[in-house]
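Have a look at coords.cif below; it lists mmCIF, C-alpha atoms.
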data_structure
loop_
_atom_site.label_atom_id
_atom_site.label_comp_id
_atom_site.auth_asym_id
_atom_site.auth_seq_id
_atom_site.Cartn_x
_atom_site.Cartn_y
_atom_site.Cartn_z
CA MET A 1 0.00 0.00 0.00
CA ALA A 2 1.67 3.20 -1.15
CA TYR A 3 1.36 6.58 0.45
CA HIS A 4 -2.05 7.95 -0.38
CA VAL A 5 -4.14 10.79 1.04
CA GLU A 6 -7.47 10.94 -0.70
CA SER A 7 -8.15 14.68 -0.45
CA LEU A 8 -4.58 15.48 -1.54
CA GLN A 9 -4.78 13.08 -4.48
CA ASN A 10 -8.14 14.56 -5.44
CA LEU A 11 -6.68 18.07 -5.51
CA ILE A 12 -3.68 16.91 -7.57
CA ASP A 13 -6.04 15.20 -10.04
CA ARG A 14 -8.14 18.35 -10.35
CA PHE A 15 -5.07 20.44 -11.17
CA ALA A 16 -3.82 17.80 -13.62
CA ARG A 17 -7.08 18.11 -15.57
CA LEU A 18 -6.38 21.79 -16.35
CA PRO A 19 -4.89 22.50 -19.80
CA GLY A 20 -1.08 22.50 -19.91
CA ILE A 21 -0.63 21.13 -16.37
CA GLY A 22 1.16 17.76 -16.13
CA SER A 23 1.15 15.44 -13.14
CA LYS A 24 4.34 16.86 -11.55
CA SER A 25 3.17 20.47 -11.96
CA ALA A 26 -0.20 19.43 -10.54
CA ALA A 27 1.47 17.99 -7.43
CA ARG A 28 3.55 21.15 -7.06
CA LEU A 29 0.44 23.35 -7.29
CA ALA A 30 -1.47 21.15 -4.83
CA PHE A 31 1.34 21.36 -2.26
CA HIS A 32 1.47 25.11 -2.80
CA VAL A 33 -2.26 25.25 -1.95
CA LEU A 34 -1.66 23.16 1.21
CA ASN A 35 0.98 25.66 2.32
CA MET A 36 -1.22 28.70 1.61
CA PRO A 37 -2.64 30.70 4.51
CA ARG A 38 -6.17 29.47 5.16
CA ASP A 39 -7.93 32.65 3.97
CA GLU A 40 -5.92 32.60 0.74
CA ALA A 41 -7.06 29.02 0.03
CA GLU A 42 -10.65 29.94 0.86
CA GLY A 43 -10.40 32.96 -1.42
CA PHE A 44 -9.10 30.79 -4.27
CA SER A 45 -11.87 28.26 -3.73
CA SER A 46 -14.64 30.85 -3.70
CA ALA A 47 -13.11 32.71 -6.68
CA ILE A 48 -13.69 29.57 -8.76
CA LEU A 49 -17.28 29.18 -7.56
CA GLU A 50 -18.04 32.87 -7.95
CA ALA A 51 -16.59 33.14 -11.45
CA ARG A 52 -18.44 30.01 -12.53
CA SER A 53 -21.81 31.10 -11.08
CA LYS A 54 -21.79 34.89 -11.63
CA ILE A 55 -20.36 35.14 -15.12
CA HIS A 56 -22.65 34.83 -18.12
CA CYS A 57 -22.98 36.44 -21.55
CA CYS A 58 -23.79 40.14 -22.06
CA LYS A 59 -27.25 40.23 -23.70
CA LEU A 60 -25.98 42.67 -26.35
CA CYS A 61 -22.46 41.66 -27.37
CA GLN A 62 -22.39 38.09 -25.91
CA ASN A 63 -19.15 38.92 -24.13
CA LEU A 64 -18.66 37.51 -20.64
CA THR A 65 -19.93 39.73 -17.84
CA ASP A 66 -21.30 39.55 -14.32
CA GLY A 67 -24.01 42.17 -14.99
CA GLU A 68 -26.88 42.21 -17.48
CA THR A 69 -24.76 43.98 -20.09
CA CYS A 70 -20.95 44.22 -20.03
CA ASN A 71 -19.14 47.40 -19.06
CA LEU A 72 -18.11 48.01 -22.69
CA CYS A 73 -21.73 48.07 -23.93
CA GLN A 74 -22.67 50.26 -20.96
CA ASN A 75 -19.93 52.79 -21.65
CA PRO A 76 -21.43 55.86 -23.47
CA ALA A 77 -17.94 56.95 -24.59
CA ARG A 78 -17.62 53.91 -26.87
CA ASP A 79 -18.64 54.26 -30.52
CA ALA A 80 -21.77 52.10 -30.86
CA ALA A 81 -21.74 52.38 -34.68
CA THR A 82 -18.63 50.19 -35.01
CA VAL A 83 -18.76 46.55 -33.94
CA CYS A 84 -15.77 44.24 -33.92
CA VAL A 85 -16.70 40.55 -34.38
CA VAL A 86 -14.36 38.17 -32.49
CA GLU A 87 -14.23 34.47 -31.67
CA ASP A 88 -14.05 34.68 -27.91
CA THR A 89 -13.53 36.84 -24.86
CA GLN A 90 -9.74 36.42 -24.85
CA ASP A 91 -9.75 38.20 -28.25
CA VAL A 92 -11.72 41.12 -26.76
CA MET A 93 -9.05 41.39 -24.07
CA ALA A 94 -6.27 41.25 -26.71
CA ILE A 95 -7.83 44.07 -28.76
CA GLU A 96 -8.55 46.14 -25.65
CA ARG A 97 -4.86 45.89 -24.72
CA THR A 98 -3.98 47.82 -27.92
CA ARG A 99 -5.95 50.86 -26.57
CA GLU A 100 -6.60 51.80 -30.22
CA TYR A 101 -10.17 50.59 -30.62
CA ASN A 102 -13.14 52.55 -29.31
CA GLY A 103 -16.09 50.64 -30.78
CA LEU A 104 -18.10 47.75 -29.39
CA TYR A 105 -17.69 43.99 -29.84
CA HIS A 106 -19.65 40.92 -30.78
CA VAL A 107 -18.36 37.62 -29.43
CA LEU A 108 -19.26 34.59 -31.58
CA HIS A 109 -18.08 32.00 -29.01
CA GLY A 110 -16.32 29.95 -31.67
CA VAL A 111 -15.99 29.68 -35.43
CA ILE A 112 -17.75 27.57 -38.05
CA ALA A 113 -15.82 24.28 -38.06
CA PRO A 114 -17.70 21.48 -39.85
CA LEU A 115 -15.02 18.89 -38.94
CA ALA A 116 -15.55 19.63 -35.24
CA GLY A 117 -19.32 19.64 -35.74
CA VAL A 118 -19.70 23.39 -35.14
CA GLY A 119 -22.23 24.97 -37.50
CA PRO A 120 -23.55 28.56 -37.67
CA ASP A 121 -26.41 27.66 -35.28
CA GLN A 122 -24.01 26.94 -32.41
CA LEU A 123 -22.49 30.43 -32.70
CA ARG A 124 -23.99 33.76 -31.64
CA ILE A 125 -24.72 34.71 -35.26
CA LYS A 126 -28.48 35.31 -35.01
CA GLU A 127 -27.78 37.73 -32.14
CA LEU A 128 -25.37 39.59 -34.44
CA ILE A 129 -27.94 39.74 -37.26
CA ALA A 130 -30.54 41.03 -34.79
CA ARG A 131 -28.15 43.77 -33.65
CA VAL A 132 -27.44 44.81 -37.26
CA ALA A 133 -31.15 44.65 -38.21
CA GLU A 134 -31.99 46.99 -35.33
CA GLY A 135 -29.89 49.66 -37.05
CA GLY A 136 -27.32 52.15 -35.80
CA ILE A 137 -24.31 50.01 -36.82
CA THR A 138 -22.34 51.40 -39.76
CA GLU A 139 -19.29 49.17 -39.73
CA LEU A 140 -18.58 45.57 -38.75
CA ILE A 141 -14.91 44.63 -38.35
CA MET A 142 -14.30 40.90 -38.79
CA ALA A 143 -11.58 40.02 -36.29
CA THR A 144 -11.79 36.24 -36.31
CA ASN A 145 -8.47 34.38 -36.12
CA PRO A 146 -6.52 34.23 -39.42
CA THR A 147 -7.07 30.48 -39.72
CA VAL A 148 -9.07 28.56 -42.33
CA GLU A 149 -12.09 28.39 -40.02
CA GLY A 150 -11.78 32.04 -39.00
CA GLU A 151 -11.58 33.18 -42.63
CA ALA A 152 -14.52 30.99 -43.62
CA THR A 153 -16.61 32.36 -40.77
CA ALA A 154 -15.74 35.95 -41.77
CA SER A 155 -16.71 35.27 -45.43
CA TYR A 156 -19.92 33.55 -44.35
CA LEU A 157 -20.88 36.50 -42.16
CA SER A 158 -20.04 39.08 -44.84
CA ARG A 159 -22.34 37.28 -47.30
CA LEU A 160 -25.06 37.00 -44.66
CA LEU A 161 -24.80 40.74 -43.95
CA LYS A 162 -24.90 41.86 -47.63
CA PRO A 163 -28.67 42.76 -47.50
CA PHE A 164 -28.03 45.28 -44.71
CA ASP A 165 -26.62 48.74 -45.30
CA VAL A 166 -23.44 48.12 -43.33
CA LYS A 167 -19.76 48.22 -44.24
CA VAL A 168 -18.04 44.90 -43.50
CA THR A 169 -14.26 45.07 -43.04
CA ARG A 170 -11.55 42.57 -42.14
CA LEU A 171 -8.47 43.02 -39.95
CA ALA A 172 -5.44 43.72 -42.20
CA TYR A 173 -2.86 40.99 -42.59
CA GLY A 174 -0.58 42.52 -40.08
CA ILE A 175 -1.54 39.53 -37.95
CA PRO A 176 0.63 36.48 -38.70
CA VAL A 177 -1.37 33.95 -40.75
CA GLY A 178 -1.96 30.63 -39.01
CA GLY A 179 -1.33 32.15 -35.58
CA ASP A 180 -3.61 32.86 -32.68
CA LEU A 181 -5.08 36.33 -32.21
CA GLU A 182 -4.85 36.04 -28.44
CA TYR A 183 -1.04 35.90 -28.61
CA ALA A 184 -0.44 38.70 -31.14
CA ASP A 185 1.60 41.60 -29.75
CA GLU A 186 -0.03 45.02 -29.30
CA VAL A 187 1.81 46.75 -32.19
CA THR A 188 0.88 44.05 -34.72
CA LEU A 189 -2.72 44.15 -33.59
CA SER A 190 -2.76 47.97 -33.83
CA ARG A 191 -1.40 47.80 -37.43
CA ALA A 192 -4.03 45.23 -38.30
CA LEU A 193 -6.77 47.48 -36.93
CA ALA A 194 -5.50 50.54 -38.81
CA GLY A 195 -5.08 48.77 -42.19
CA ARG A 196 -8.47 47.02 -42.30
CA LEU A 197 -9.98 46.57 -45.81
CA GLU A 198 -13.53 46.22 -47.06
CA ILE A 199 -14.45 42.63 -47.95
CA MET B 1 -12.53 52.08 -19.48
CA ALA B 2 -11.22 48.71 -20.64
CA TYR B 3 -13.06 45.43 -20.53
CA HIS B 4 -13.14 44.26 -16.94
CA VAL B 5 -15.17 41.63 -15.10
CA GLU B 6 -14.27 41.61 -11.43
CA SER B 7 -14.91 37.96 -10.63
CA LEU B 8 -13.07 36.86 -13.78
CA GLN B 9 -10.10 39.12 -13.04
CA ASN B 10 -10.06 37.83 -9.46
CA LEU B 11 -9.88 34.23 -10.67
CA ILE B 12 -7.10 35.09 -13.15
CA ASP B 13 -5.15 36.82 -10.36
CA ARG B 14 -5.55 33.79 -8.09
CA PHE B 15 -4.17 31.47 -10.75
CA ALA B 16 -1.33 33.90 -11.52
CA ARG B 17 -0.20 33.71 -7.87
CA LEU B 18 0.48 29.96 -8.18
CA PRO B 19 4.12 28.98 -8.78
CA GLY B 20 5.11 28.74 -12.46
CA ILE B 21 1.88 30.25 -13.79
CA GLY B 22 2.28 33.50 -15.76
CA SER B 23 -0.48 35.96 -16.61
CA LYS B 24 -1.36 34.39 -19.99
CA SER B 25 -1.47 30.86 -18.56
CA ALA B 26 -3.56 32.20 -15.67
CA ALA B 27 -6.10 33.67 -18.12
CA ARG B 28 -6.19 30.41 -20.07
CA LEU B 29 -6.83 28.41 -16.87
CA ALA B 30 -9.52 30.85 -15.71
CA PHE B 31 -11.36 30.59 -19.05
CA HIS B 32 -11.06 26.82 -18.84
CA VAL B 33 -12.76 26.97 -15.42
CA LEU B 34 -15.55 29.16 -16.86
CA ASN B 35 -16.20 26.55 -19.55
CA MET B 36 -16.22 23.63 -17.10
CA PRO B 37 -19.49 21.89 -16.30
CA ARG B 38 -20.86 23.40 -13.10
CA ASP B 39 -20.33 20.28 -10.93
CA GLU B 40 -16.73 20.03 -12.14
CA ALA B 41 -16.06 23.63 -11.05
CA GLU B 42 -17.78 22.99 -7.71
CA GLY B 43 -15.68 19.85 -7.26
CA PHE B 44 -12.49 21.77 -7.96
CA SER B 45 -13.48 24.51 -5.54
CA SER B 46 -14.33 22.10 -2.73
CA ALA B 47 -11.20 19.99 -3.41
CA ILE B 48 -9.13 23.05 -2.52
CA LEU B 49 -11.10 23.73 0.67
CA GLU B 50 -11.15 20.09 1.68
CA ALA B 51 -7.43 19.53 1.12
CA ARG B 52 -6.61 22.71 3.02
CA SER B 53 -8.88 21.91 6.00
CA LYS B 54 -8.58 18.12 6.29
CA ILE B 55 -4.87 17.59 5.76
CA HIS B 56 -2.47 17.89 8.69
CA CYS B 57 0.67 16.10 9.89
CA CYS B 58 0.72 12.46 10.97
CA LYS B 59 1.50 12.47 14.71
CA LEU B 60 4.19 9.80 14.23
CA CYS B 61 6.06 10.53 11.01
CA GLN B 62 4.91 14.16 10.42
CA ASN B 63 3.88 13.23 6.90
CA LEU B 64 0.69 14.82 5.53
CA THR B 65 -2.47 12.85 6.21
CA ASP B 66 -6.19 13.31 6.72
CA GLY B 67 -6.36 10.85 9.62
CA GLU B 68 -4.60 10.83 13.02
CA THR B 69 -1.71 8.79 11.63
CA CYS B 70 -0.90 8.31 7.95
CA ASN B 71 -1.63 5.06 6.11
CA LEU B 72 2.07 4.21 5.97
CA CYS B 73 2.44 4.30 9.78
CA GLN B 74 -0.83 2.35 10.11
CA ASN B 75 0.30 -0.40 7.73
CA PRO B 76 1.48 -3.46 9.74
CA ALA B 77 3.29 -4.83 6.67
CA ARG B 78 5.82 -1.95 6.74
CA ASP B 79 9.11 -2.45 8.61
CA ALA B 80 8.85 -0.14 11.62
CA ALA B 81 12.55 -0.65 12.51
CA THR B 82 13.74 1.34 9.47
CA VAL B 83 12.95 5.03 9.17
CA CYS B 84 13.78 7.17 6.17
CA VAL B 85 14.27 10.86 7.01
CA VAL B 86 13.17 13.20 4.21
CA GLU B 87 12.68 16.93 3.73
CA ASP B 88 9.05 16.96 2.66
CA THR B 89 6.05 14.94 1.55
CA GLN B 90 6.94 15.13 -2.16
CA ASP B 91 10.11 13.17 -1.27
CA VAL B 92 8.01 10.44 0.43
CA MET B 93 5.99 10.16 -2.78
CA ALA B 94 9.20 9.98 -4.86
CA ILE B 95 10.63 7.14 -2.74
CA GLU B 96 7.29 5.31 -2.69
CA ARG B 97 7.28 5.38 -6.49
CA THR B 98 10.44 3.21 -6.52
CA ARG B 99 8.46 0.39 -4.80
CA GLU B 100 11.78 -0.73 -3.24
CA TYR B 101 11.43 0.66 0.24
CA ASN B 102 9.33 -1.01 2.91
CA GLY B 103 10.20 0.99 6.03
CA LEU B 104 8.60 4.06 7.53
CA TYR B 105 9.41 7.76 7.07
CA HIS B 106 10.07 10.87 9.04
CA VAL B 107 9.31 14.17 7.34
CA LEU B 108 11.41 17.11 8.58
CA HIS B 109 9.38 19.77 6.73
CA GLY B 110 12.51 21.55 5.55
CA VAL B 111 16.28 21.58 6.11
CA ILE B 112 18.55 23.62 8.33
CA ALA B 113 19.25 26.78 6.32
CA PRO B 114 20.76 29.59 8.43
CA LEU B 115 20.68 32.06 5.51
CA ALA B 116 16.91 31.56 5.19
CA GLY B 117 16.52 31.77 8.97
CA VAL B 118 15.57 28.08 9.37
CA GLY B 119 17.17 26.51 12.44
CA PRO B 120 16.78 23.01 13.91
CA ASP B 121 13.87 24.21 16.09
CA GLN B 122 11.66 24.96 13.07
CA LEU B 123 12.04 21.39 11.78
CA ARG B 124 10.44 18.21 13.16
CA ILE B 125 13.72 17.09 14.74
CA LYS B 126 12.55 16.74 18.36
CA GLU B 127 9.75 14.46 17.13
CA LEU B 128 12.41 12.31 15.40
CA ILE B 129 14.55 12.16 18.56
CA ALA B 130 11.45 11.16 20.56
CA ARG B 131 10.71 8.35 18.10
CA VAL B 132 14.28 7.07 18.29
CA ALA B 133 14.38 7.39 22.12
CA GLU B 134 11.20 5.30 22.35
CA GLY B 135 13.17 2.41 20.86
CA GLY B 136 12.37 -0.14 18.16
CA ILE B 137 14.20 1.74 15.39
CA THR B 138 17.43 0.06 14.25
CA GLU B 139 18.25 2.12 11.15
CA LEU B 140 17.74 5.70 10.09
CA ILE B 141 18.25 6.46 6.38
CA MET B 142 19.09 10.11 5.74
CA ALA B 143 17.36 10.98 2.46
CA THR B 144 17.60 14.76 2.51
CA ASN B 145 18.32 16.41 -0.85
CA PRO B 146 21.97 16.24 -1.99
CA THR B 147 22.44 20.00 -1.52
CA VAL B 148 24.63 21.87 0.95
CA GLU B 149 21.70 22.36 3.34
CA GLY B 150 20.52 18.77 2.95
CA GLU B 151 24.01 17.39 3.65
CA ALA B 152 24.46 19.69 6.65
CA THR B 153 21.10 18.62 8.07
CA ALA B 154 22.00 14.92 7.62
CA SER B 155 25.37 15.44 9.37
CA TYR B 156 23.72 17.43 12.15
CA LEU B 157 21.15 14.67 12.71
CA SER B 158 23.76 11.89 12.64
CA ARG B 159 25.76 13.68 15.36
CA LEU B 160 22.59 14.28 17.37
CA LEU B 161 21.69 10.58 17.13
CA LYS B 162 25.16 9.26 18.15
CA PRO B 163 24.08 8.59 21.81
CA PHE B 164 21.34 6.22 20.63
CA ASP B 165 22.00 2.66 19.55
CA VAL B 166 20.87 3.18 15.97
CA LYS B 167 22.59 2.81 12.61
CA VAL B 168 22.51 6.04 10.62
CA THR B 169 22.93 5.69 6.84
CA ARG B 170 22.87 8.08 3.91
CA LEU B 171 21.40 7.57 0.43
CA ALA B 172 24.23 6.59 -1.95
CA TYR B 173 25.40 9.13 -4.47
CA GLY B 174 23.43 7.59 -7.24
CA ILE B 175 21.32 10.70 -6.95
CA PRO B 176 22.74 13.56 -9.03
CA VAL B 177 24.52 16.05 -6.73
CA GLY B 178 22.95 19.51 -6.66
CA GLY B 179 19.65 18.18 -7.99
CA ASP B 180 16.26 17.81 -6.40
CA LEU B 181 15.18 14.47 -4.92
CA GLU B 182 11.60 15.00 -6.06
CA TYR B 183 12.66 14.87 -9.73
CA ALA B 184 15.01 11.88 -9.60
CA ASP B 185 13.88 8.96 -11.74
CA GLU B 186 12.81 5.69 -10.11
CA VAL B 187 15.90 3.67 -11.15
CA THR B 188 18.35 6.26 -9.82
CA LEU B 189 16.43 6.45 -6.56
CA SER B 190 16.37 2.63 -6.29
CA ARG B 191 20.18 2.50 -6.80
CA ALA B 192 20.63 5.18 -4.17
CA LEU B 193 18.51 3.18 -1.72
CA ALA B 194 20.42 -0.06 -2.41
CA GLY B 195 23.91 1.52 -2.11
CA ARG B 196 23.40 3.42 1.14
CA LEU B 197 26.50 3.74 3.40
CA GLU B 198 26.91 4.22 7.14
CA ILE B 199 27.86 7.81 8.06
#

Starting from the file, lay out its structure as structure tokens.
Amino acid sequence: MAYHVESLQNLIDRFARLPGIGSKSAARLAFHVLNMPRDEAEGFSSAILEARSKIHCCKLCQNLTDGETCNLCQNPARDAATVCVVEDTQDVMAIERTREYNGLYHVLHGVIAPLAGVGPDQLRIKELIARVAEGGITELIMATNPTVEGEATASYLSRLLKPFDVKVTRLAYGIPVGGDLEYADEVTLSRALAGRLEI
Amino acid sequence: MAYHVESLQNLIDRFARLPGIGSKSAARLAFHVLNMPRDEAEGFSSAILEARSKIHCCKLCQNLTDGETCNLCQNPARDAATVCVVEDTQDVMAIERTREYNGLYHVLHGVIAPLAGVGPDQLRIKELIARVAEGGITELIMATNPTVEGEATASYLSRLLKPFDVKVTRLAYGIPVGGDLEYADEVTLSRALAGRLEI
């Protein structure tokens, strides 16, 4: 019978299930938690619960928020006529870090990927159409990742939005093709925003 | 005003405080938690609380346990006459993984490190002396890390234990000098156990 403490092993297993955490890192993290002050551990525990229970999608832009609408949609200083369409919340954060964009967002929560079984119905596309149909939006910037799926989703959306009187643009190829928008540096992302072209 | 969700940012900050987790990894882990099924997130949260509240030191070997004594001390099949002295619980796990050792352990919870302000009184040395004084132990294997502090602690303990009728041995230098016991591979650790020499 080897050394085994159930609650410790459980915690190690939980950490090991997180992306990019192997079994040795998981053990290291678990022991770090055991050595934390008690209030720190309690804070960590409740942060997980709170984030999981409080956070949901903004009813306008589908971005993650803990209110009814997110603080970007609520902000009157943002230009509501320009909407940047992104794959997920990390991309909103990446574009916000450039401090060069003052419009609003629309988060699709994925891209069309037939091989993975993701069709247009699983994405927040009808919410985007509803926002455009309501009027007031003059430009939509497609900022999906520069991958095959991202490009296809952007083309699909631009065709879908043809009937509406709205300019559809695409981030310029300042962003490295095949990469991940979340990891682009601020300058590259700023260039891509500035050099956007009509589809 | 940038995009900001307090409970999300809190969770990211909590992850970023863990060892070896940078801000981008922390964000990735936090988003992973948000996308978890609810019961999985609740399980993770309570695993942290449970591990932190239930786990304490075994009253015999000072190893971490959720009972009064750990399951190694409770096991009648283990050889209670041999005690392996290690720095921390990760080292117990490392030696257990070799499946070559059948004795008990004593966890010091650190090593003597004057520069870091750790003296013999902060370690579980008096508990070790009490165990030896009680009798029944014929061999103590010093398995502290092969670092300056680990060696010094092993020498200090062997001098301290001179008055008692007990053989004090040291892990053989199969273990790479200057390394960390926790990361030694099973074969190296097995060799080190087999080739131990009297100090």

ask   = What do you get, as a VMD selection string, if you spell out every residue that the PyMOL selection byres ((chain B) within 8 of (chain A)) selects here?
value = chain B and resid 1 to 8 10 to 11 14 18 to 19 29 32 to 34 38 41 to 42 44 to 52 54 to 55 64 to 66 71 to 72 75 92 to 93 96

query = Between atom CA of B:His109 and atom CA of B:Cys57, what is the distance, to one decimal in Å?
reply =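 Spanning atom CA of B:His109 to atom CA of B:Cys57 is a straight-line distance of 10.0 Å.
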
task = Go ahead and compute the interatomic distance for atom CA of A:Glu198 and atom CA of A:Glu139, in Å to one decimal.
result = 9.8 Å

note = As a check of understanding: the span from atom CA of A:Asp165 to atom CA of A:Leu60 is 19.9 Å

task = Could you tell me which residues the PyMOL selection byres ((chain B and resi 156) around 12) returns for this structure, as a list in words?
result =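 Checked against the file, the PyMOL selection byres ((chain B and resi 156) around 12) matches Val111, Ile112, Ala113, Gly119, Pro120, Ile125, Met142, Thr144, Glu149, Gly150, Glu151, Ala152, Thr153, Ala154, Ser155, Leu157, Ser158, Arg159, Leu160, Leu161, Lys162, Val168 and Ile199 of chain B.
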